[in-house]
Amino acid sequence: IFSNGAMTSRVVVPAHALYKVDPSVPPHIAALAEPLACVVSAADKLKVQPGETAVVLGGGPIGLLFTSLFKASGAGKIIVSEISAYRRKVALACGATRVVDPKAEDLATVVGREMPGGADVVVEAVGPLLPLAIELAHSAGRVLQFGHDELARPAIPVAELLRKELTVFGSFIGKFSFHKLPRILASGVLPLEHVVSHRLPLSRVHEGIELLRRGEAIKIILHPEAE
């Protein structure tokens, strides 16, 4: 069930939907709770182990959160594929060991060189790239489709999926992971400051939207009290 809210000075929510966050957590970091809960829920399915390799397709807020979690889980190598130079730089700050501009480099070649045989885990955080994720995965690897594109209908390489004996997960929301968020946020173990690129008063919301359209922002937090 979805309800109105978001870009407004006040919103009413039921008490059972609230979780207490430690006062030491800044509001702009606490505001990441919802997308982080979704990513935590998805990452729980992948169960990344220390030393494993991972590829993240897409360096937007979601891709950066996956990168941060994989780094915290002990992943040995993490490659992030992202067309934006701005986001590639932030991906390195979030724990990526290598970033790739797929328009300038052949991603499969880079992955093959850095991760012989493919990646243990591949996350699709764009929308239509599941076939590529399957291609980049190691035999017996895990693939997660997280990018949401209602119009995407990619042709799935079934033979490769079967030959590699891959496990493919889908994940959408993280309503059963919210109880973990207060502890994760308070721990400071994730570099969430890098995910929040701008903090603006609500009155400058249109400026924030324009920054996103130009690809010059990642996650923008609006502060109603700062108007």
# chains A, B, ... in the order shown; residues from 1 in each chain; ligands from 1
call {"tool": "select_by_dssp", "arguments": {"residues": "region 18-199 of chain A", "states": "alpha helix (DSSP H)", "output": "VMD selection string"}}
result
chain A and resid 27 to 30 33 to 46 61 to 72 85 to 93 107 to 114 130 to 136 158 to 163 181 to 187
call {"tool": "closest_residue", "arguments": {"among": "A:Lys45, A:Lys219, A:Arg87, A:His28", "to": "Val123 (chain A)", "atoms": "only C-alpha atoms"}}
result
A:Lys45
call {"tool": "residues_around", "arguments": {"residues": "region 94-107 of chain A", "least_positions_apart": "3", "cutoff": "10 Å", "atoms": "only C-alpha atoms", "output": "PyMOL selection string"}}
result
chain A and resi 54-57+59+63-72+75-85+87-91+110-114+132+136+190-195
call {"tool": "closest_residue", "arguments": {"among": "A:Val25, A:Met7, A:Ala125, A:Ala17", "to": "Ala42 (chain A)", "atoms": "only C-alpha atoms"}}
result
A:Ala125
call {"tool": "residues_around", "arguments": {"residues": "Ala33 (chain A)", "least_positions_apart": "4", "cutoff": "10 Å", "atoms": "only C-alpha atoms", "output": "PyMOL selection string"}}
result
chain A and resi 19+21+28-29+37-39+177-178+180-182+184-185
call {"tool": "decode", "arguments": {"residues": "region 33-47 of chain A", "atoms": "all heavy atoms", "output": "compact mmCIF listing (two decimals), in the first residue's frame"}}
result
# COMPACT_ATOMS: atom_id res chain seq x y z
N ALA A 33 17.24 5.08 5.18
CA ALA A 33 16.76 3.82 5.76
C ALA A 33 15.94 3.00 4.78
O ALA A 33 16.12 1.78 4.67
CB ALA A 33 15.94 4.10 7.02
N GLU A 34 15.05 3.64 4.03
CA GLU A 34 14.16 2.86 3.15
C GLU A 34 14.93 2.19 2.01
O GLU A 34 14.83 0.96 1.84
CB GLU A 34 13.04 3.75 2.62
CG GLU A 34 11.93 2.97 1.92
CD GLU A 34 12.26 2.59 0.48
OE1 GLU A 34 13.06 3.31 -0.16
OE2 GLU A 34 11.75 1.55 0.01
N PRO A 35 15.71 2.91 1.21
CA PRO A 35 16.44 2.21 0.16
C PRO A 35 17.45 1.21 0.72
O PRO A 35 17.66 0.13 0.14
CB PRO A 35 17.14 3.32 -0.63
CG PRO A 35 17.15 4.50 0.28
CD PRO A 35 15.92 4.38 1.11
N LEU A 36 18.06 1.54 1.85
CA LEU A 36 19.03 0.62 2.44
C LEU A 36 18.34 -0.65 2.92
O LEU A 36 18.90 -1.75 2.80
CB LEU A 36 19.77 1.30 3.59
CG LEU A 36 20.88 0.49 4.27
CD1 LEU A 36 21.91 0.02 3.25
CD2 LEU A 36 21.55 1.30 5.36
N ALA A 37 17.13 -0.54 3.44
CA ALA A 37 16.39 -1.73 3.87
C ALA A 37 16.14 -2.66 2.68
O ALA A 37 16.25 -3.89 2.80
CB ALA A 37 15.06 -1.33 4.51
N CYS A 38 15.83 -2.09 1.53
CA CYS A 38 15.60 -2.89 0.33
C CYS A 38 16.88 -3.60 -0.10
O CYS A 38 16.87 -4.77 -0.48
CB CYS A 38 15.08 -2.00 -0.80
SG CYS A 38 13.48 -1.24 -0.46
N VAL A 39 17.99 -2.89 -0.03
CA VAL A 39 19.27 -3.46 -0.43
C VAL A 39 19.72 -4.53 0.57
O VAL A 39 20.23 -5.59 0.18
CB VAL A 39 20.34 -2.35 -0.56
CG1 VAL A 39 21.73 -2.94 -0.73
CG2 VAL A 39 20.00 -1.44 -1.74
N VAL A 40 19.53 -4.28 1.85
CA VAL A 40 19.88 -5.27 2.87
C VAL A 40 19.08 -6.55 2.66
O VAL A 40 19.62 -7.67 2.73
CB VAL A 40 19.65 -4.71 4.29
CG1 VAL A 40 19.70 -5.83 5.33
CG2 VAL A 40 20.69 -3.64 4.61
N SER A 41 17.79 -6.41 2.37
CA SER A 41 16.94 -7.57 2.13
C SER A 41 17.44 -8.38 0.94
O SER A 41 17.50 -9.62 0.98
CB SER A 41 15.49 -7.12 1.87
OG SER A 41 14.65 -8.22 1.60
N ALA A 42 17.84 -7.67 -0.12
CA ALA A 42 18.35 -8.36 -1.31
C ALA A 42 19.70 -8.99 -1.04
O ALA A 42 19.97 -10.13 -1.46
CB ALA A 42 18.46 -7.36 -2.46
N ALA A 43 20.58 -8.28 -0.35
CA ALA A 43 21.92 -8.80 -0.06
C ALA A 43 21.86 -10.03 0.83
O ALA A 43 22.74 -10.91 0.74
CB ALA A 43 22.77 -7.70 0.58
N ASP A 44 20.85 -10.10 1.68
CA ASP A 44 20.70 -11.28 2.53
C ASP A 44 20.53 -12.55 1.70
O ASP A 44 20.93 -13.65 2.11
CB ASP A 44 19.49 -11.11 3.46
CG ASP A 44 19.80 -10.25 4.67
OD1 ASP A 44 20.99 -9.97 4.90
OD2 ASP A 44 18.85 -9.85 5.37
N LYS A 45 19.92 -12.41 0.53
CA LYS A 45 19.73 -13.57 -0.34
C LYS A 45 21.06 -14.02 -0.97
O LYS A 45 21.28 -15.20 -1.19
CB LYS A 45 18.73 -13.23 -1.45
CG LYS A 45 17.36 -12.84 -0.96
CD LYS A 45 16.45 -12.45 -2.11
CE LYS A 45 15.09 -12.01 -1.59
NZ LYS A 45 14.17 -11.63 -2.68
N LEU A 46 21.93 -13.05 -1.24
CA LEU A 46 23.19 -13.36 -1.91
C LEU A 46 24.24 -13.94 -0.99
O LEU A 46 25.09 -14.71 -1.41
CB LEU A 46 23.74 -12.08 -2.57
CG LEU A 46 22.90 -11.52 -3.71
CD1 LEU A 46 23.41 -10.15 -4.11
CD2 LEU A 46 22.92 -12.47 -4.90
N LYS A 47 24.20 -13.54 0.28
CA LYS A 47 25.12 -14.08 1.29
C LYS A 47 26.59 -14.02 0.82
O LYS A 47 27.31 -15.03 0.77
CB LYS A 47 24.75 -15.52 1.66
CG LYS A 47 23.33 -15.65 2.18
CD LYS A 47 23.06 -17.05 2.67
CE LYS A 47 21.59 -17.27 3.02
NZ LYS A 47 20.92 -16.20 3.71
